[in-house]
Every structure is written in C-alpha cells, then in structure tokens.
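The next block is model.csv, given as CSV, C-alpha atoms.
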```
chain,number,residue,atom,x,y,z
A,21,MET,CA,0.0,0.0,0.0
A,22,LEU,CA,1.2,3.5,-0.8
A,23,HIS,CA,1.4,6.2,1.9
A,24,ASN,CA,-0.2,9.6,1.2
A,25,ILE,CA,3.2,11.2,0.4
A,26,ASP,CA,3.8,8.5,-2.2
A,27,SER,CA,0.5,9.2,-3.9
A,28,ASP,CA,1.1,12.9,-3.9
A,29,THR,CA,4.5,12.4,-5.5
A,30,LEU,CA,3.1,10.1,-8.2
A,31,ASN,CA,0.3,12.6,-9.0
A,32,LYS,CA,2.9,15.4,-9.3
A,33,LEU,CA,5.0,13.3,-11.7
A,34,ILE,CA,2.0,12.6,-13.9
A,35,GLU,CA,1.2,16.3,-14.0
A,36,GLU,CA,4.7,17.3,-14.9
A,37,ASN,CA,5.3,14.4,-17.4
A,38,PRO,CA,2.1,13.1,-19.1
A,39,VAL,CA,4.2,10.4,-20.8
A,40,ALA,CA,4.8,8.9,-17.4
A,41,GLU,CA,1.1,8.4,-16.7
A,42,GLU,CA,0.8,5.1,-18.6
A,43,VAL,CA,3.9,3.6,-16.8
A,44,ILE,CA,2.7,4.8,-13.4
A,45,SER,CA,-0.7,3.4,-14.0
A,46,LYS,CA,0.7,0.0,-14.9
A,47,LEU,CA,2.9,0.1,-11.8
A,48,LEU,CA,-0.1,1.0,-9.6
A,49,GLU,CA,-2.1,-1.8,-11.1
A,50,ASN,CA,0.8,-4.3,-10.4
A,51,HIS,CA,1.0,-2.9,-6.9
A,52,HIS,CA,-2.7,-3.6,-6.2
A,53,HIS,CA,-2.4,-7.0,-7.8
A,54,ILE,CA,0.5,-8.0,-5.5
A,55,ILE,CA,-1.3,-6.8,-2.4
A,56,SER,CA,-4.4,-8.7,-3.4
A,57,SER,CA,-2.4,-11.9,-4.0
A,58,ILE,CA,-0.6,-11.7,-0.7
A,59,THR,CA,-3.7,-11.1,1.3
A,60,HIS,CA,-5.5,-14.0,-0.6
A,61,GLU,CA,-2.7,-16.4,0.0
A,62,ILE,CA,-2.5,-15.6,3.8
A,63,ARG,CA,-6.3,-15.5,4.3
A,64,ASN,CA,-6.9,-19.0,2.9
A,65,PRO,CA,-4.8,-21.0,5.3
A,66,LEU,CA,-5.8,-18.6,8.1
A,67,THR,CA,-9.5,-19.4,7.4
A,68,VAL,CA,-8.7,-23.1,7.6
A,69,VAL,CA,-7.0,-22.6,11.0
A,70,SER,CA,-10.0,-20.6,12.3
A,71,SER,CA,-12.4,-23.3,11.1
A,72,SER,CA,-10.3,-26.0,12.7
A,73,LEU,CA,-10.3,-24.2,16.0
A,74,GLN,CA,-14.0,-23.8,16.0
A,75,MET,CA,-14.4,-27.5,15.2
A,76,LEU,CA,-12.1,-28.5,18.0
A,77,GLU,CA,-14.0,-26.3,20.4
A,78,MET,CA,-17.3,-28.0,19.4
A,79,GLN,CA,-15.8,-31.5,19.8
A,80,HIS,CA,-14.0,-30.6,23.0
A,81,PRO,CA,-15.9,-27.9,25.0
A,82,LYS,CA,-13.4,-28.1,27.8
A,83,LEU,CA,-10.9,-26.4,25.6
A,84,LYS,CA,-12.7,-23.1,26.5
A,85,GLU,CA,-11.4,-23.6,30.1
A,86,TYR,CA,-7.8,-23.5,28.9
A,87,SER,CA,-6.5,-20.0,29.9
A,88,ARG,CA,-5.0,-19.2,26.5
A,89,TRP,CA,-7.8,-20.6,24.3
A,90,THR,CA,-9.8,-17.4,24.1
A,91,GLN,CA,-6.6,-15.4,23.4
A,92,ILE,CA,-5.6,-17.8,20.5
A,93,CYS,CA,-9.1,-17.6,18.9
A,94,GLY,CA,-9.1,-13.8,19.4
A,95,ASP,CA,-5.7,-13.4,17.7
A,96,ILE,CA,-6.8,-15.4,14.7
A,97,ASP,CA,-9.9,-13.2,14.3
A,98,PHE,CA,-7.7,-10.1,14.7
A,99,MET,CA,-5.4,-11.3,11.9
A,100,CYS,CA,-8.4,-11.9,9.7
A,101,CYS,CA,-9.6,-8.4,10.5
A,102,ILE,CA,-6.3,-6.9,9.4
A,103,LEU,CA,-6.4,-8.8,6.1
A,104,ASN,CA,-9.9,-7.6,5.4
A,105,GLU,CA,-9.0,-4.0,6.1
A,106,ILE,CA,-5.9,-4.3,3.9
A,107,SER,CA,-8.0,-5.6,1.1
A,108,ALA,CA,-10.5,-2.7,1.7
A,109,ILE,CA,-7.7,-0.1,1.5
A,110,ASN,CA,-6.3,-1.8,-1.6
A,111,ASN,CA,-9.7,-1.4,-3.3
A,112,SER,CA,-10.6,2.0,-1.8
A,113,GLY,CA,-10.3,3.7,-5.2
A,114,LYS,CA,-13.2,1.6,-6.5
A,115,ILE,CA,-16.4,3.5,-5.7
A,116,ASN,CA,-19.9,2.1,-6.2
A,117,ILE,CA,-21.8,5.2,-7.3
A,118,GLU,CA,-25.5,5.7,-6.5
A,119,THR,CA,-27.7,8.6,-5.6
A,120,PHE,CA,-29.1,8.2,-2.1
A,121,SER,CA,-30.6,10.3,0.8
A,122,LEU,CA,-27.5,11.3,2.8
A,123,GLU,CA,-29.9,12.7,5.4
A,124,LYS,CA,-31.6,9.4,5.9
A,125,MET,CA,-28.2,7.5,5.9
A,126,LEU,CA,-26.7,9.8,8.6
A,127,LYS,CA,-29.9,9.6,10.7
A,128,THR,CA,-30.1,5.8,10.6
A,129,THR,CA,-26.4,5.5,11.4
A,130,ALA,CA,-26.7,7.9,14.3
A,131,LEU,CA,-29.7,5.9,15.6
A,132,SER,CA,-27.8,2.6,15.3
A,133,PHE,CA,-24.9,4.1,17.3
A,134,ALA,CA,-27.3,5.6,19.9
A,135,VAL,CA,-28.9,2.1,20.4
A,136,ALA,CA,-25.5,0.5,20.8
A,137,LEU,CA,-24.6,3.1,23.5
A,138,ASP,CA,-27.8,2.4,25.3
A,139,ASN,CA,-27.1,-1.3,25.3
A,140,GLU,CA,-23.7,-0.9,26.9
A,141,GLU,CA,-24.9,1.7,29.4
A,142,THR,CA,-24.6,0.8,33.1
A,143,GLU,CA,-25.1,2.6,36.3
A,144,ASP,CA,-21.5,3.9,36.3
A,145,THR,CA,-21.4,5.1,32.6
A,146,ASP,CA,-22.7,8.4,31.3
A,147,ILE,CA,-22.0,8.9,27.6
A,148,GLU,CA,-24.1,11.7,26.0
A,149,PHE,CA,-24.6,11.4,22.2
A,150,THR,CA,-26.3,14.2,20.2
A,151,SER,CA,-26.7,14.8,16.5
A,152,CYS,CA,-27.8,17.6,14.2
A,153,ILE,CA,-28.7,16.4,10.7
A,154,PRO,CA,-31.0,18.9,8.9
A,155,GLU,CA,-33.3,18.0,6.1
A,156,THR,CA,-31.3,20.4,3.8
A,157,ILE,CA,-28.6,17.7,3.6
A,158,GLY,CA,-30.7,16.1,0.9
A,159,ASP,CA,-29.3,13.6,-1.6
A,160,PHE,CA,-25.7,12.7,-2.4
A,161,THR,CA,-24.1,10.7,-5.3
A,162,GLY,CA,-21.4,8.4,-4.0
A,163,ASP,CA,-20.8,5.1,-2.3
A,164,LYS,CA,-23.4,4.8,0.5
A,165,THR,CA,-21.9,1.7,2.1
A,166,ARG,CA,-18.4,3.1,2.4
A,167,LEU,CA,-19.5,6.5,3.6
A,168,LYS,CA,-21.6,4.8,6.3
A,169,GLU,CA,-18.5,2.8,7.3
A,170,VAL,CA,-16.5,6.0,7.7
A,171,ILE,CA,-19.1,7.7,9.9
A,172,LEU,CA,-19.5,4.6,12.1
A,173,ASN,CA,-15.7,4.3,12.4
A,174,LEU,CA,-15.5,7.9,13.6
A,175,LEU,CA,-18.3,7.4,16.1
A,176,ILE,CA,-16.8,4.2,17.5
A,177,ASN,CA,-13.4,5.8,17.8
A,178,ALA,CA,-15.0,8.7,19.7
A,179,ARG,CA,-16.6,6.3,22.1
A,180,GLN,CA,-13.3,4.4,22.6
A,181,SER,CA,-11.4,7.6,23.3
A,182,MET,CA,-13.3,8.1,26.6
A,183,GLY,CA,-13.9,6.2,29.7
A,184,LYS,CA,-17.2,6.0,31.6
A,185,GLU,CA,-18.4,9.5,30.7
A,186,GLY,CA,-18.2,12.0,27.9
A,187,ILE,CA,-19.9,13.7,25.1
A,188,ILE,CA,-20.1,12.8,21.4
A,189,ARG,CA,-21.7,15.0,18.7
A,190,LEU,CA,-22.4,14.3,15.1
A,191,ASP,CA,-23.2,17.3,12.9
A,192,ALA,CA,-23.8,17.8,9.2
A,193,LYS,CA,-24.5,20.8,6.9
A,194,ARG,CA,-24.6,21.6,3.2
A,195,ASP,CA,-23.9,24.7,1.2
A,196,GLU,CA,-23.7,25.4,-2.5
A,197,HIS,CA,-20.4,23.6,-3.0
A,198,ASN,CA,-19.8,21.1,-0.1
A,199,ILE,CA,-21.3,18.8,2.4
A,200,VAL,CA,-19.5,19.0,5.8
A,201,ILE,CA,-19.9,16.3,8.4
A,202,SER,CA,-18.1,16.5,11.8
A,203,CYS,CA,-17.8,14.1,14.7
A,204,ALA,CA,-16.6,15.7,17.9
A,205,ASP,CA,-15.9,14.1,21.3
A,206,SER,CA,-14.7,15.0,24.8
A,207,GLY,CA,-12.3,12.1,25.0
A,208,CYS,CA,-8.6,11.8,25.8
A,209,GLY,CA,-7.5,13.7,22.7
A,210,ILE,CA,-4.5,13.0,20.5
A,211,PRO,CA,-0.9,14.2,21.4
A,212,PRO,CA,0.4,16.9,19.1
A,213,GLU,CA,3.3,14.6,18.0
A,214,ARG,CA,0.8,12.0,16.9
A,215,LEU,CA,-1.6,14.2,15.0
A,216,SER,CA,0.3,14.1,11.7
A,217,GLU,CA,0.2,10.3,11.6
A,218,VAL,CA,-3.3,9.5,12.7
A,219,PHE,CA,-4.3,8.7,9.1
A,220,ASP,CA,-1.2,6.5,8.4
A,221,SER,CA,-1.6,2.7,8.1
A,222,PHE,CA,-0.9,0.5,11.2
A,223,VAL,CA,-0.6,3.5,13.6
A,224,THR,CA,-2.8,3.0,16.7
A,225,THR,CA,-2.8,3.4,20.4
A,226,LYS,CA,-5.5,0.8,20.9
A,227,LYS,CA,-4.5,-2.6,22.3
A,228,LYS,CA,-6.9,-4.4,19.9
A,229,GLY,CA,-6.7,-1.8,17.1
A,230,THR,CA,-5.4,-2.6,13.6
A,231,GLY,CA,-4.3,1.0,12.9
A,232,LEU,CA,-6.2,0.8,9.5
A,233,GLY,CA,-9.6,2.3,10.4
A,234,LEU,CA,-8.7,6.0,9.9
A,235,SER,CA,-6.3,5.2,7.0
A,236,LEU,CA,-9.2,3.4,5.3
A,237,SER,CA,-11.6,6.2,6.1
A,238,LYS,CA,-9.2,8.8,4.5
A,239,ALA,CA,-8.9,6.6,1.4
A,240,PHE,CA,-12.7,6.3,1.1
A,241,ILE,CA,-13.3,10.0,1.5
A,242,GLU,CA,-10.5,10.9,-1.0
A,243,GLY,CA,-12.0,8.4,-3.4
A,244,HIS,CA,-15.1,10.7,-3.4
A,245,GLY,CA,-12.9,13.8,-4.1
A,246,GLY,CA,-13.2,14.9,-0.5
A,247,THR,CA,-11.0,15.5,2.5
A,248,ILE,CA,-11.0,14.5,6.2
A,249,ASP,CA,-9.2,16.5,8.8
A,250,VAL,CA,-8.7,16.4,12.6
A,251,VAL,CA,-8.1,18.9,15.4
A,252,SER,CA,-7.4,17.6,18.8
A,253,LYS,CA,-6.2,18.6,22.3
A,254,VAL,CA,-5.0,16.2,24.9
A,255,GLY,CA,-7.6,16.0,27.8
A,256,CYS,CA,-10.2,17.9,25.8
A,257,GLY,CA,-11.1,15.7,22.9
A,258,SER,CA,-11.0,15.5,19.1
A,259,LYS,CA,-13.0,16.7,16.1
A,260,PHE,CA,-12.9,15.0,12.8
A,261,THR,CA,-14.3,16.9,9.8
A,262,ILE,CA,-15.3,15.4,6.4
A,263,THR,CA,-15.8,17.7,3.5
A,264,LEU,CA,-17.4,16.3,0.3
A,265,PRO,CA,-17.9,18.2,-2.9
A,266,VAL,CA,-21.4,18.3,-4.4
```
Spit out the file's structure as structure tokens when you get a sec.
Amino acid sequence: MLHNIDSDTLNKLIEENPVAEEVISKLLENHHHIISSITHEIRNPLTVVSSSLQMLEMQHPKLKEYSRWTQICGDIDFMCCILNEISAINNSGKINIETFSLEKMLKTTALSFAVALDNEETEDTDIEFTSCIPETIGDFTGDKTRLKEVILNLLINARQSMGKEGIIRLDAKRDEHNIVISCADSGCGIPPERLSEVFDSFVTTKKKGTGLGLSLSKAFIEGHGGTIDVVSKVGCGSKFTITLPV
C-alpha cells in the first residue's frame, strides 16, 4: 500500500510528465495485484486454521477452560480483520456510485450508534450522544456503504477515546459547494506529535486496534474527491471533519 506522500509524489510526476502516466498506471495496477495476491494467500490458510479451532471447540468444549484458548481464537480473528482491512484499502479507489438520501443514511447511522450506546450503558457510565442532521442535507451521489463505514468508524473511535463518561456529537451541513460532516468528542485527545500520523496505516494506540480504520476512512473520502481533517487537544477531545464536494 502506498502512503499519502507516495500518492502525492506520483500525481505530481503525472502532472509534470504526461508520458509517465501510462507507466505509473501499470505500476499501480501491479502494486494492487501484488497486495491482493498476498492477502489472498494468507487468508486462505488462516481461514482453515480458524475453522479447525471452531471444530475443536465444538468437539472438546473443555478447551474453553484453557486459559489461552480465548486469546488464541481472538488473535486469529484479529489477523483476519487486518487482512480484510488491507483488502479494503487496496480497493478503496473503487467507488460504487449511486444517488441516495444522505440525510436518511446519517440519521439511521446515528440511531444505530445511539442504540449501541444504550445497550452498553450501566449505572456507572454516562455517555451523552447528540446529532444535528438537517433536512437540507438532501441527496448525495457516491458510495453509500463506504460513507456509512466511515461515519461509524469515527463514532466508534470517539466512544473508545473516553472512559465511563463523555460527550459525542455528530453534525452535518450543506452549502452550495460542499457537504460538511463532523464528529466531535470530549475524549482523551491526541498528542500533538501523533496528529500528523493518525491517518497512516498501522498507527494506533488501541490494544486491539489494527491501525487501519482511519487510513481506510481517509482513502474512502479521498475516493469521493473529499477531505478528512482532525483537530485535537489532549484531555479535551478531538473533532474529525469530512468535506465532500457536491
């Protein structure tokens, strides 16, 4: 996979030398093919291992009592997750275009997230979630599924950035040229020295994180010709802002 700086350099080369466009296009195609082949070759045996572990557990239920059994199964699932996200990034430039109600998608996504918060709520948790999605957001032409994945990822990240209490807010607005969607939280915030790399692949502070979620989100948004930015302050929270051209 190419880092953002690599993509920017390639785009600059194409602009400066149109003759290089065909060569670079073939190199990128080969790059994507290699990534797809590697993930495919790893995923197949890993799937067999995962299935075998499930079968063993069914045949020998006492295995679940083994202290490392849950950890082993969890590690296998984690590796499968990484492979799936690598594949998603590798194909992030492929957008399935359709015209859909962005207002409805954002509202149903917000509702799903709110329900998930309610289900996890206990007496010692106090997470407040609010959203402002006006009817003027209207329709949008793009990849509905991938945009929903991005919004959910930002909301889940916001929840994971805080402990037992905090505030999460999802806002959206539309003007003549752009749709702007923001997700703000009152979580732990991101250290200044880490801000520049939050969208890089495999960069994460989560124990169970793949470090691909934000990288994938950025690729999806840029695939729509948009941008995603973040401002953050340690101890005060973070705000991610998506800008999509209309």
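Proximity ranking of A:Arg194, A:Ile248, A:Ile157, A:Ala130 relative to Ile176 of chain A places A:Ala130 first, based on all atoms listed in the file.
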Selection: 6 Å around segment 135-148 of chain A, all atoms listed in the file, excl. self and same-chain fewer than 6 positions, as a PDB file with C-alpha atoms, in the frame of the given file:
```
ATOM      1  CA  LYS A 184     -17.200   6.000  31.600  1.00  0.00           C
ATOM      2  CA  GLU A 185     -18.400   9.500  30.700  1.00  0.00           C
ATOM      3  CA  GLY A 186     -18.200  12.000  27.900  1.00  0.00           C
ATOM      4  CA  ILE A 187     -19.900  13.700  25.100  1.00  0.00           C
TER       5      ILE A 187
END
```
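Atom CA of Thr263 of chain A is positioned 6.5 Å from atom CA of Ile201 of chain A.
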- request: For Asn116 of chain A, please output as a VMD selection string all residues within 9 Å (counting all atoms listed in the file; exclusion window: fewer than 2 positions along the same chain).
  value: chain A and resid 114 118 162 to 166
Could you list, with a cut-off of 9 Å and counting all atoms listed in the file, the residues of segment 158-247 of chain A near segment 254-260 of chain A, each shown with its nearest atom pair and the distance in Å rounded to one decimal, rows sorted by chain and ascending number, as a Markdown table?
```
| residue | atom | partner | partner_atom | distance |
| --- | --- | --- | --- | --- |
| A:Leu174 | CA | A:Phe260 | CA | 7.6 |
| A:Ala178 | CA | A:Ser258 | CA | 7.9 |
| A:Ser181 | CA | A:Gly257 | CA | 8.1 |
| A:Met182 | CA | A:Gly257 | CA | 8.7 |
| A:Ile201 | CA | A:Phe260 | CA | 8.4 |
| A:Ser202 | CA | A:Phe260 | CA | 5.5 |
| A:Cys203 | CA | A:Phe260 | CA | 5.3 |
| A:Ala204 | CA | A:Lys259 | CA | 4.1 |
| A:Asp205 | CA | A:Gly257 | CA | 5.3 |
| A:Ser206 | CA | A:Gly257 | CA | 4.1 |
| A:Gly207 | CA | A:Gly257 | CA | 4.3 |
| A:Cys208 | CA | A:Gly255 | CA | 4.8 |
| A:Gly209 | CA | A:Gly257 | CA | 4.1 |
| A:Ile210 | CA | A:Val254 | CA | 5.5 |
| A:Pro211 | CA | A:Val254 | CA | 5.7 |
| A:Pro212 | CA | A:Val254 | CA | 8.0 |
```
- request: Mind giving me the straight-line distance from atom CA of Thr67 of chain A to atom CA of Glu169 of chain A in Å, one decimal?
  value: 24.0 Å
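Picture a line from atom CA of Arg214 of chain A to atom CA of Leu126 of chain A; it runs 28.8 Å.
With only C-alpha atoms as the atoms that count, the residue of A:Ser87, A:Thr156, A:Ser237, A:Asn50 with the shortest distance to Lys193 of chain A is A:Thr156.
The residue that comes closest to Ile102 of chain A, out of A:Glu36, A:Arg63, A:Val251, A:His197 and on the basis of only C-alpha atoms, is A:Arg63.
Summary of the local environment: counting all atoms listed in the file, residues at most 12 Å from Glu77 of chain A, other than itself and those fewer than 6 positions away along its chain, are A:Ser70, A:Ser71, A:Leu83, A:Lys84, A:Glu85, A:Tyr86, A:Trp89, A:Thr90, A:Ile92, A:Cys93.
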Which centre and which edge lengths, in Å to one decimal, describe the axis-aligned box that holds all listed atoms of segment 236-240 of chain A after 5 Å is added on each side, as JSON?
```
{"center_x": -10.8, "center_y": 6.1, "center_z": 3.6, "size_x": 13.8, "size_y": 15.4, "size_z": 15.0}
```
Nearest-residue call for Gln74 of chain A, choices A:Ile55, A:Leu131, A:Ile171, A:Ile96, using all atoms listed in the file: A:Ile96
field: Nearest candidate to Asp97 of chain A (options A:Ile153, A:Gln79, A:Ile58, A:Leu66; using all atoms listed in the file)
entry: A:Leu66
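When all atoms listed in the file are used to compute distances to Val69 of chain A, the closest of the residues A:Phe149, A:Ile117, A:Met99, A:Leu215 turns out to be A:Met99.
At a cut-off of 9 Å from (-17.1, 17.3, -3.8), the residue set is A:His197, A:Asn198, A:Ile199, A:His244, A:Gly245, A:Gly246, A:Thr247, A:Thr263, A:Leu264, A:Pro265, A:Val266 (counting only C-alpha atoms).
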